[in-house]
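A.B. asks: File protein_28.txt follows (compact mmCIF, C-alpha atoms):
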# COMPACT_ATOMS: atom_id res chain seq x y z
CA MET A 1 -0.94 -2.30 -20.31
CA GLU A 2 -0.24 0.15 -17.49
CA SER A 3 2.36 -0.87 -14.93
CA LEU A 4 3.06 0.35 -11.42
CA TYR A 5 6.45 0.57 -9.72
CA HIS A 6 7.46 -0.12 -6.12
CA TYR A 7 10.90 0.65 -4.63
CA THR A 8 11.95 -1.64 -1.81
CA SER A 9 14.78 -3.51 -0.09
CA ILE A 10 16.20 -6.88 -1.09
CA ASN A 11 14.88 -8.31 2.17
CA LYS A 12 11.32 -7.20 1.37
CA LEU A 13 11.72 -8.43 -2.19
CA GLY A 14 12.43 -11.85 -0.71
CA LEU A 15 9.23 -11.69 1.34
CA ILE A 16 7.18 -10.59 -1.67
CA LEU A 17 8.56 -13.33 -3.91
CA SER A 18 8.28 -16.11 -1.34
CA SER A 19 4.75 -15.21 -0.24
CA LYS A 20 3.54 -13.93 -3.64
CA LYS A 21 1.76 -11.23 -1.66
CA ILE A 22 1.97 -7.47 -1.22
CA ARG A 23 1.78 -6.11 2.31
CA PHE A 24 -0.62 -3.27 3.12
CA THR A 25 0.58 -1.23 6.11
CA ARG A 26 -1.38 0.99 8.48
CA LEU A 27 -0.90 4.72 8.00
CA ASP A 28 0.40 5.13 11.55
CA HIS A 29 3.42 3.05 10.47
CA VAL A 30 4.34 4.99 7.30
CA ASN A 31 6.79 7.88 7.02
CA ASP A 32 4.31 10.79 6.93
CA PRO A 33 3.05 11.47 10.48
CA ASN A 34 0.37 13.86 9.21
CA GLU A 35 -1.65 11.35 7.21
CA GLY A 36 -5.10 10.43 8.44
CA ARG A 37 -5.60 13.54 10.54
CA THR A 38 -8.99 15.23 10.79
CA SER A 39 -10.11 18.61 12.08
CA ASP A 40 -12.97 17.27 14.15
CA PHE A 41 -12.08 13.74 15.15
CA GLY A 42 -8.34 13.54 15.76
CA THR A 43 -6.27 11.06 13.78
CA MET A 44 -7.78 8.12 11.90
CA ASN A 45 -4.49 6.73 10.60
CA ARG A 46 -4.90 3.41 12.44
CA TYR A 47 -7.95 2.51 10.35
CA ILE A 48 -6.34 2.89 6.92
CA LEU A 49 -3.91 0.42 5.35
CA VAL A 50 -2.04 1.26 2.16
CA SER A 51 0.24 -0.20 -0.47
CA CYS A 52 2.31 2.54 -2.10
CA TRP A 53 3.44 2.67 -5.74
CA THR A 54 4.25 5.13 -8.49
CA LYS A 55 3.10 5.26 -12.12
CA HIS A 56 6.31 6.94 -13.28
CA LYS A 57 8.47 4.66 -15.41
CA GLU A 58 11.47 7.00 -15.24
CA GLU A 59 13.67 6.08 -12.29
CA ASN A 60 13.32 8.37 -9.30
CA LEU A 61 16.56 9.09 -7.45
CA ALA A 62 14.65 10.26 -4.37
CA LEU A 63 12.73 6.98 -4.16
CA TRP A 64 15.95 4.98 -4.53
CA ASN A 65 17.34 6.94 -1.58
CA MET A 66 14.22 6.80 0.56
CA TYR A 67 13.11 3.19 0.15
CA THR A 68 16.21 1.16 -0.67
CA GLU A 69 19.21 0.89 1.62
CA LYS A 70 22.03 2.98 0.13
CA MET A 71 20.39 2.51 -3.31
CA ARG A 72 21.18 -1.22 -3.14
CA GLY A 73 17.55 -2.37 -3.27
CA VAL A 74 15.24 -2.99 -6.19
CA ARG A 75 12.34 -1.46 -8.08
CA ILE A 76 9.52 -3.92 -8.74
CA GLU A 77 7.39 -3.40 -11.83
CA LEU A 78 4.05 -5.17 -12.09
CA PRO A 79 1.42 -4.72 -14.81
CA MET A 80 -2.18 -4.00 -13.93
CA PRO A 81 -4.23 -5.62 -12.61
CA ILE A 82 -1.74 -6.34 -9.85
CA PHE A 83 -4.41 -7.94 -7.67
CA GLN A 84 -7.37 -10.14 -8.46
CA ASN A 85 -10.89 -8.72 -8.35
CA TYR A 86 -13.50 -10.16 -5.97
CA SER A 87 -17.22 -9.45 -5.82
CA ASN A 88 -19.43 -8.89 -2.80
CA GLU A 89 -22.78 -7.27 -2.04
CA GLU A 90 -21.32 -3.78 -2.41
CA THR A 91 -18.94 -4.06 -5.38
CA ASN A 92 -17.37 -6.32 -7.99
CA ASP A 93 -14.03 -4.54 -7.58
CA SER A 94 -12.71 -5.68 -4.20
CA LEU A 95 -9.20 -6.66 -3.12
CA VAL A 96 -10.60 -9.07 -0.53
CA PRO A 97 -12.99 -12.03 -0.98
CA GLU A 98 -16.33 -11.50 0.73
CA ASP A 99 -15.77 -14.34 3.19
CA GLN A 100 -12.57 -12.67 4.41
CA LEU A 101 -13.95 -9.18 4.99
CA TYR A 102 -14.91 -10.08 8.55
CA ASN A 103 -12.47 -11.97 10.75
CA LYS A 104 -14.36 -13.28 13.76
CA ASN A 105 -11.31 -14.70 15.55
CA LYS A 106 -9.24 -11.52 15.38
CA GLY A 107 -12.21 -9.17 15.59
CA TYR A 108 -11.97 -6.82 12.65
CA LEU A 109 -14.05 -5.81 9.66
CA ILE A 110 -12.73 -4.62 6.30
CA TYR A 111 -15.40 -2.25 5.02
CA ASP A 112 -13.61 -0.77 2.00
CA ALA A 113 -11.00 -2.50 -0.16
CA THR A 114 -11.44 -1.14 -3.66
CA ASN A 115 -9.16 -2.81 -6.18
CA SER A 116 -8.12 0.31 -8.04
CA PRO A 117 -5.25 2.64 -7.21
CA THR A 118 -5.76 6.23 -6.12
CA ASP A 119 -3.36 8.96 -7.21
CA ILE A 120 -2.26 11.04 -4.25
CA THR A 121 -3.14 14.73 -4.49
CA TYR A 122 -0.41 16.99 -3.15
CA THR A 123 -1.68 20.14 -1.49
CA ASP A 124 -1.09 22.50 1.39
CA ASP A 125 -4.82 23.14 1.77
CA HIS A 126 -5.51 22.62 5.48
CA ASP A 127 -9.12 21.58 4.90
CA LYS A 128 -8.08 18.76 2.58
CA LEU A 129 -5.23 17.59 4.79
CA ASN A 130 -7.40 17.82 7.92
CA PRO A 131 -11.01 17.39 6.80
CA ASN A 132 -14.13 17.39 8.92
CA ILE A 133 -15.50 13.84 8.85
CA ARG A 134 -18.58 14.01 11.08
CA THR A 135 -21.84 13.98 9.14
CA ASN A 136 -25.50 13.44 9.98
CA LYS A 137 -25.04 9.82 8.93
CA GLY A 138 -21.88 9.18 10.97
CA LEU A 139 -18.21 9.43 10.03
CA ASP A 140 -17.27 9.97 6.39
CA VAL A 141 -13.66 8.80 5.86
CA LYS A 142 -13.55 8.58 2.07
CA ASN A 143 -11.22 11.60 1.78
CA LEU A 144 -8.65 10.24 4.21
CA GLY A 145 -5.45 8.75 2.82
CA ILE A 146 -5.65 10.53 -0.54
CA TYR A 147 -4.03 13.92 0.26
CA LYS A 148 -0.45 14.67 1.27
CA LYS A 149 1.53 17.87 1.75
CA LYS A 150 3.43 19.22 -1.25
CA ILE A 151 6.75 18.37 0.39
CA TRP A 152 6.00 14.75 -0.61
CA LEU A 153 5.40 15.60 -4.28
CA ILE A 154 8.73 14.00 -5.24
CA GLU A 155 7.17 10.58 -4.61
CA ASN A 156 4.53 10.85 -7.38
CA GLU A 157 2.56 8.27 -5.40
CA THR A 158 -0.41 6.17 -6.30
CA ARG A 159 -1.75 3.76 -3.71
CA PHE A 160 -4.21 1.01 -2.99
CA ILE A 161 -6.26 1.55 0.17
CA ILE A 162 -7.95 -0.79 2.65
CA ARG A 163 -10.12 0.62 5.43
CA ILE A 164 -10.61 -1.46 8.55
CA VAL A 165 -12.26 -1.24 11.97
CA PRO A 166 -12.48 -3.43 15.09
CA PHE A 167 -15.77 -5.31 15.03
CA ASN A 168 -17.58 -7.92 17.12
CA GLU A 169 -20.71 -9.48 15.65
CA ASN A 170 -21.90 -10.46 19.11
CA GLU A 171 -22.21 -6.83 20.15
CA THR A 172 -24.93 -4.42 19.09
CA GLU A 173 -25.30 -3.05 15.59
CA ASP A 174 -23.47 0.06 16.79
CA SER A 175 -20.21 -1.84 17.30
CA PHE A 176 -18.71 -0.35 14.13
CA SER A 177 -19.47 3.26 15.05
CA ARG A 178 -18.59 2.81 18.71
CA ALA A 179 -15.15 1.43 17.85
CA LEU A 180 -14.42 4.53 15.81
CA GLU A 181 -15.88 6.89 18.40
CA ASN A 182 -13.71 5.28 21.10
CA LYS A 183 -10.69 5.26 18.75
CA THR A 184 -10.18 1.56 19.42
CA ALA A 185 -7.20 0.38 17.37
CA PRO A 186 -7.71 -2.51 14.91
CA PRO A 187 -6.14 -5.78 16.10
CA ILE A 188 -3.80 -5.94 13.07
CA ASP A 189 -1.25 -3.48 11.69
CA HIS A 190 -0.91 -4.99 8.22
CA TYR A 191 -2.77 -7.12 5.69
CA ASP A 192 -1.25 -9.20 2.89
CA ILE A 193 -2.94 -9.38 -0.53
CA ASP A 194 -2.18 -12.05 -3.15
CA ILE A 195 -0.54 -10.85 -6.35
CA ASN A 196 -2.47 -11.67 -9.51
CA VAL A 197 -0.82 -14.77 -11.04
CA GLU A 198 -0.61 -13.28 -14.53
CA SER A 199 0.86 -10.04 -13.22
CA LEU A 200 3.42 -11.99 -11.19
CA LYS A 201 4.61 -13.78 -14.32
CA LYS A 202 5.31 -10.41 -15.98
CA MET A 203 7.21 -8.96 -13.04
CA LYS A 204 10.31 -6.92 -13.80
CA ILE A 205 12.93 -6.26 -11.16
CA ARG A 206 15.26 -3.32 -11.68
CA ILE A 207 18.34 -3.48 -9.50
CA GLY A 208 19.53 -0.44 -7.58
CA PRO A 209 22.19 1.83 -9.07
CA LYS A 210 24.67 1.00 -6.29
CA ILE A 211 24.04 -2.73 -6.16
CA HIS A 212 26.91 -4.95 -4.98
CA PRO A 213 27.81 -8.20 -6.77
CA GLY A 214 26.72 -10.20 -3.73
CA ASP A 215 23.38 -8.42 -3.67
CA LEU A 216 22.78 -9.33 -7.30
CA GLU A 217 23.48 -12.99 -6.60
CA ILE A 218 20.90 -12.94 -3.80
CA ILE A 219 18.32 -11.34 -6.10
CA LYS A 220 18.96 -13.90 -8.84
CA ALA A 221 18.70 -16.76 -6.35
CA LEU A 222 15.35 -15.43 -5.07
CA ILE A 223 14.02 -15.15 -8.61
CA ASP A 224 15.22 -18.62 -9.58
CA LYS A 225 13.51 -20.12 -6.55
CA TYR A 226 10.25 -18.19 -6.38
CA ASN A 227 9.50 -16.53 -9.73
CA PRO A 228 11.63 -17.70 -12.68
CA TYR A 229 9.40 -15.69 -15.03
CA ALA A 230 10.64 -12.38 -13.61
CA LEU A 231 13.04 -10.28 -15.65
CA VAL A 232 16.06 -8.52 -14.13
CA GLU A 233 17.02 -5.09 -15.42
CA GLU A 234 19.99 -2.85 -14.72
CA SER A 235 19.35 0.65 -13.43
CA VAL A 236 19.84 3.44 -15.99
CA LEU A 237 21.56 5.33 -13.16
CA THR A 238 24.31 2.75 -12.70
CA GLY A 239 27.66 4.49 -12.99
CA GLU A 240 26.03 7.93 -12.81
CA ILE A 241 26.23 8.28 -9.01
CA LYS A 242 29.25 8.04 -6.71
Step by step, read the file and then write its structure as structure tokens.

C.D. replies:
Amino acid sequence: MESLYHYTSINKLGLILSSKKIRFTRLDHVNDPNEGRTSDFGTMNRYILVSCWTKHKEENLALWNMYTEKMRGVRIELPMPIFQNYSNEETNDSLVPEDQLYNKNKGYLIYDATNSPTDITYTDDHDKLNPNIRTNKGLDVKNLGIYKKKIWLIENETRFIIRIVPFNENETEDSFSRALENKTAPPIDHYDIDINVESLKKMKIRIGPKIHPGDLEIIKALIDKYNPYALVEESVLTGEIK
């Protein structure tokens, strides 16, 4: 069974274990400021939320450095499917139940939440990094959030994507398009998705290569309290880095 890997801090590990959820974050809050740009419509990064992983089992020193504080964090391994599938009128492969796609109180609509990861394509092709999205039928955003510049190739990223827009059912049928045209920001900057129960039970947590004894005790305490099924592994890089 294929697994995906996520490098993160001990603090975020605690949030993941206690909530049993993975947080999807808007592209305007991630570390690549160029994501979500278009050639004809400015930036669309506020309408795309992502959860970022890698398929590569071999430990990545760059990811330890980038996403764990002083390489004292963890790498979470979860087998697929990480999230449960839900069905709606459009698909049977959704991250979000149909009755949660539209949130009337907060005023947003999730219109794409496919429960399958997308491998990032690394390119310096301007047209792919900054596509034209206007079509005769409106705005086509399917190619946003799947390309990054080659300078990010070290990440070997695969990601889950949720696309969202402000929406008010009491307005006209053009509310969806008008929100995009006016570049109205969605009312939320993240969305939390439940981890599949069976995947959670098979979680593996690899500790950072520069972990401190106190850090390890915190990790073990979190596991004992929130997910006693999880296995703890030592980094293969322990003792290899000053």

A.B. asks: Could you list, with a cut-off of 12 Å and counting only C-alpha atoms, the residues of segment 127-205 of chain A near segment 70-75 of chain A, each shown with its nearest atom pair and the distance in Å rounded to one decimal, rows sorted by chain and ascending number, as JSON lines?

C.D. replies:
{"residue": "A:Met203", "atom": "CA", "partner": "A:Arg75", "partner_atom": "CA", "distance": 10.4}
{"residue": "A:Lys204", "atom": "CA", "partner": "A:Arg75", "partner_atom": "CA", "distance": 8.2}
{"residue": "A:Ile205", "atom": "CA", "partner": "A:Arg75", "partner_atom": "CA", "distance": 5.7}

A.B. asks: Take the residues from that selection and write them out as a PDB file, in the frame of the given file, keeping C-alpha atoms.

C.D. replies:
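Saved the output as part-v6.pdb:
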ATOM      1  CA  MET A 203       7.210  -8.960 -13.040  1.00  0.00           C
ATOM      2  CA  LYS A 204      10.310  -6.920 -13.800  1.00  0.00           C
ATOM      3  CA  ILE A 205      12.930  -6.260 -11.160  1.00  0.00           C
TER       4      ILE A 205
END

A.B. asks: Hey, what's within 9 Å of segment 15-21 of chain A if we count only C-alpha atoms and toss same-chain stuff fewer than 2 positions away? As a ChimeraX atom specification, please?

C.D. replies: /A:10-13,23,192-197,200,222-223,225-227

A.B. asks: Considering only C-alpha atoms, can you say which of A:Glu2, A:Glu77, A:Glu181, A:Asp125 comes closest to Val232 of chain A?

C.D. replies: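 Checking each of A:Glu2, A:Glu77, A:Glu181, A:Asp125 against Val232 of chain A, counting only C-alpha atoms, the winner is A:Glu77.
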
A.B. asks: I'd like the neighbourhood of Ser199 of chain A as a PDB file with C-alpha atoms, in the frame of the given file, where a residue qualifies if any of its atoms comes within 8 Å (using all atoms listed in the file), though same-chain residues fewer than 5 positions away should be ignored.

C.D. replies:
ATOM      1  CA  LEU A  78       4.050  -5.170 -12.090  1.00  0.00           C
ATOM      2  CA  PRO A  79       1.420  -4.720 -14.810  1.00  0.00           C
ATOM      3  CA  MET A  80      -2.180  -4.000 -13.930  1.00  0.00           C
ATOM      4  CA  PRO A  81      -4.230  -5.620 -12.610  1.00  0.00           C
ATOM      5  CA  ILE A  82      -1.740  -6.340  -9.850  1.00  0.00           C
ATOM      6  CA  PHE A  83      -4.410  -7.940  -7.670  1.00  0.00           C
TER       7      PHE A  83
END

A.B. asks: Within 12 Å of Gly208 of chain A, counting all atoms listed in the file, which residues show up once you throw out same-chain ones fewer than 3 positions away? Write them as a compact mmCIF listing (two decimals) with C-alpha atoms, keeping the file's coordinate frame, please.

C.D. replies:
# COMPACT_ATOMS: atom_id res chain seq x y z
CA TYR A 7 10.90 0.65 -4.63
CA THR A 8 11.95 -1.64 -1.81
CA SER A 9 14.78 -3.51 -0.09
CA ILE A 10 16.20 -6.88 -1.09
CA GLU A 59 13.67 6.08 -12.29
CA ASN A 60 13.32 8.37 -9.30
CA LEU A 61 16.56 9.09 -7.45
CA LEU A 63 12.73 6.98 -4.16
CA TRP A 64 15.95 4.98 -4.53
CA ASN A 65 17.34 6.94 -1.58
CA TYR A 67 13.11 3.19 0.15
CA THR A 68 16.21 1.16 -0.67
CA GLU A 69 19.21 0.89 1.62
CA LYS A 70 22.03 2.98 0.13
CA MET A 71 20.39 2.51 -3.31
CA ARG A 72 21.18 -1.22 -3.14
CA GLY A 73 17.55 -2.37 -3.27
CA VAL A 74 15.24 -2.99 -6.19
CA ARG A 75 12.34 -1.46 -8.08
CA ILE A 76 9.52 -3.92 -8.74
CA ILE A 205 12.93 -6.26 -11.16
CA ILE A 211 24.04 -2.73 -6.16
CA HIS A 212 26.91 -4.95 -4.98
CA PRO A 213 27.81 -8.20 -6.77
CA ASP A 215 23.38 -8.42 -3.67
CA LEU A 216 22.78 -9.33 -7.30
CA ILE A 219 18.32 -11.34 -6.10
CA VAL A 232 16.06 -8.52 -14.13
CA GLU A 233 17.02 -5.09 -15.42
CA GLU A 234 19.99 -2.85 -14.72
CA SER A 235 19.35 0.65 -13.43
CA VAL A 236 19.84 3.44 -15.99
CA LEU A 237 21.56 5.33 -13.16
CA THR A 238 24.31 2.75 -12.70
CA GLY A 239 27.66 4.49 -12.99
CA GLU A 240 26.03 7.93 -12.81
CA ILE A 241 26.23 8.28 -9.01

A.B. asks: One decimal, Å: what's the distance from atom CA of Leu129 of chain A over to atom CA of Thr158 of chain A, could you say?

C.D. replies: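 Going from atom CA of Leu129 of chain A over to atom CA of Thr158 of chain A, I get 16.6 Å.
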
A.B. asks: Find the residues around segment 120-124 of chain A up to 12 Å (all atoms listed in the file counted), leave out those fewer than 6 positions away in its own chain, and share them as a list in words.

C.D. replies: Asn34, Glu35, Val50, Cys52, Trp53, Thr54, Lys55, Asn130, Asn143, Leu144, Gly145, Ile146, Tyr147, Lys148, Lys149, Lys150, Ile151, Trp152, Leu153, Ile154, Glu155, Asn156, Glu157, Thr158, Arg159, Phe160 and Ile161 of chain A

A.B. asks: Quote the spacing between atom CA of His190 of chain A and atom CA of Arg46 of chain A in Å to one decimal place.

C.D. replies: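 Value for the atom CA of His190 of chain A-atom CA of Arg46 of chain A distance: 10.2 Å.
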
A.B. asks: Measure the distance from atom CA of Leu109 of chain A to atom CA of Val165 of chain A in Å and round it to one decimal.

C.D. replies: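 Atom CA of Leu109 of chain A sits 5.4 Å away from atom CA of Val165 of chain A.
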
A.B. asks: Box for segment 59-69 of chain A: with edges along x, y and z, all listed atoms inside and 4 Å added on each side, what are the centre and edge lengths in Å to one decimal, as lines of an AutoDock Vina configuration file?

C.D. replies:
center_x = 16.0
center_y = 5.6
center_z = -5.3
size_x = 14.5
size_y = 17.4
size_z = 21.9

A.B. asks: Between A:Gly36, A:Pro186, A:Gly14, A:Gly42, which is the closest to Ile218 of chain A once you count all atoms listed in the file?

C.D. replies: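 Ranking A:Gly36, A:Pro186, A:Gly14, A:Gly42 by distance to Ile218 of chain A, first place goes to A:Gly14.
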
A.B. asks: Using only C-alpha atoms, pick whichever of A:Ala230, A:Asp112, A:Met66, A:Val141 has the shortest atom-to-atom distance to Glu89 of chain A.

C.D. replies: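 For Glu89 of chain A, the nearest of the candidates is A:Asp112.
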
A.B. asks: Leaving out Ser94 of chain A and any residue of its chain fewer than 2 positions from it, which residues lie within 10 Å of it when counting only C-alpha atoms, given as a ChimeraX atom specification?

C.D. replies: /A:83-88,90-92,96-98,101,112-116,162

A.B. asks: Can I get the selected residues back with C-alpha atoms, as a compact mmCIF listing (two decimals), keeping the file's coordinate frame?

C.D. replies:
# COMPACT_ATOMS: atom_id res chain seq x y z
CA PHE A 83 -4.41 -7.94 -7.67
CA GLN A 84 -7.37 -10.14 -8.46
CA ASN A 85 -10.89 -8.72 -8.35
CA TYR A 86 -13.50 -10.16 -5.97
CA SER A 87 -17.22 -9.45 -5.82
CA ASN A 88 -19.43 -8.89 -2.80
CA GLU A 90 -21.32 -3.78 -2.41
CA THR A 91 -18.94 -4.06 -5.38
CA ASN A 92 -17.37 -6.32 -7.99
CA VAL A 96 -10.60 -9.07 -0.53
CA PRO A 97 -12.99 -12.03 -0.98
CA GLU A 98 -16.33 -11.50 0.73
CA LEU A 101 -13.95 -9.18 4.99
CA ASP A 112 -13.61 -0.77 2.00
CA ALA A 113 -11.00 -2.50 -0.16
CA THR A 114 -11.44 -1.14 -3.66
CA ASN A 115 -9.16 -2.81 -6.18
CA SER A 116 -8.12 0.31 -8.04
CA ILE A 162 -7.95 -0.79 2.65

A.B. asks: Compare A:Thr135, A:Gly107, A:Thr118, A:Asp189 by their minimum atom-to-atom distance to Thr25 of chain A, counting only C-alpha atoms, and give me the closest one.

C.D. replies: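 Nearest candidate to Thr25 of chain A out of A:Thr135, A:Gly107, A:Thr118, A:Asp189: A:Asp189.
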
A.B. asks: Which is closest to Lys106 of chain A among A:Glu198, A:Glu58, A:Glu169, A:Asp93, if we use only C-alpha atoms?

C.D. replies: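 Going through A:Glu198, A:Glu58, A:Glu169, A:Asp93 one by one, the smallest distance to Lys106 of chain A is for A:Glu169.
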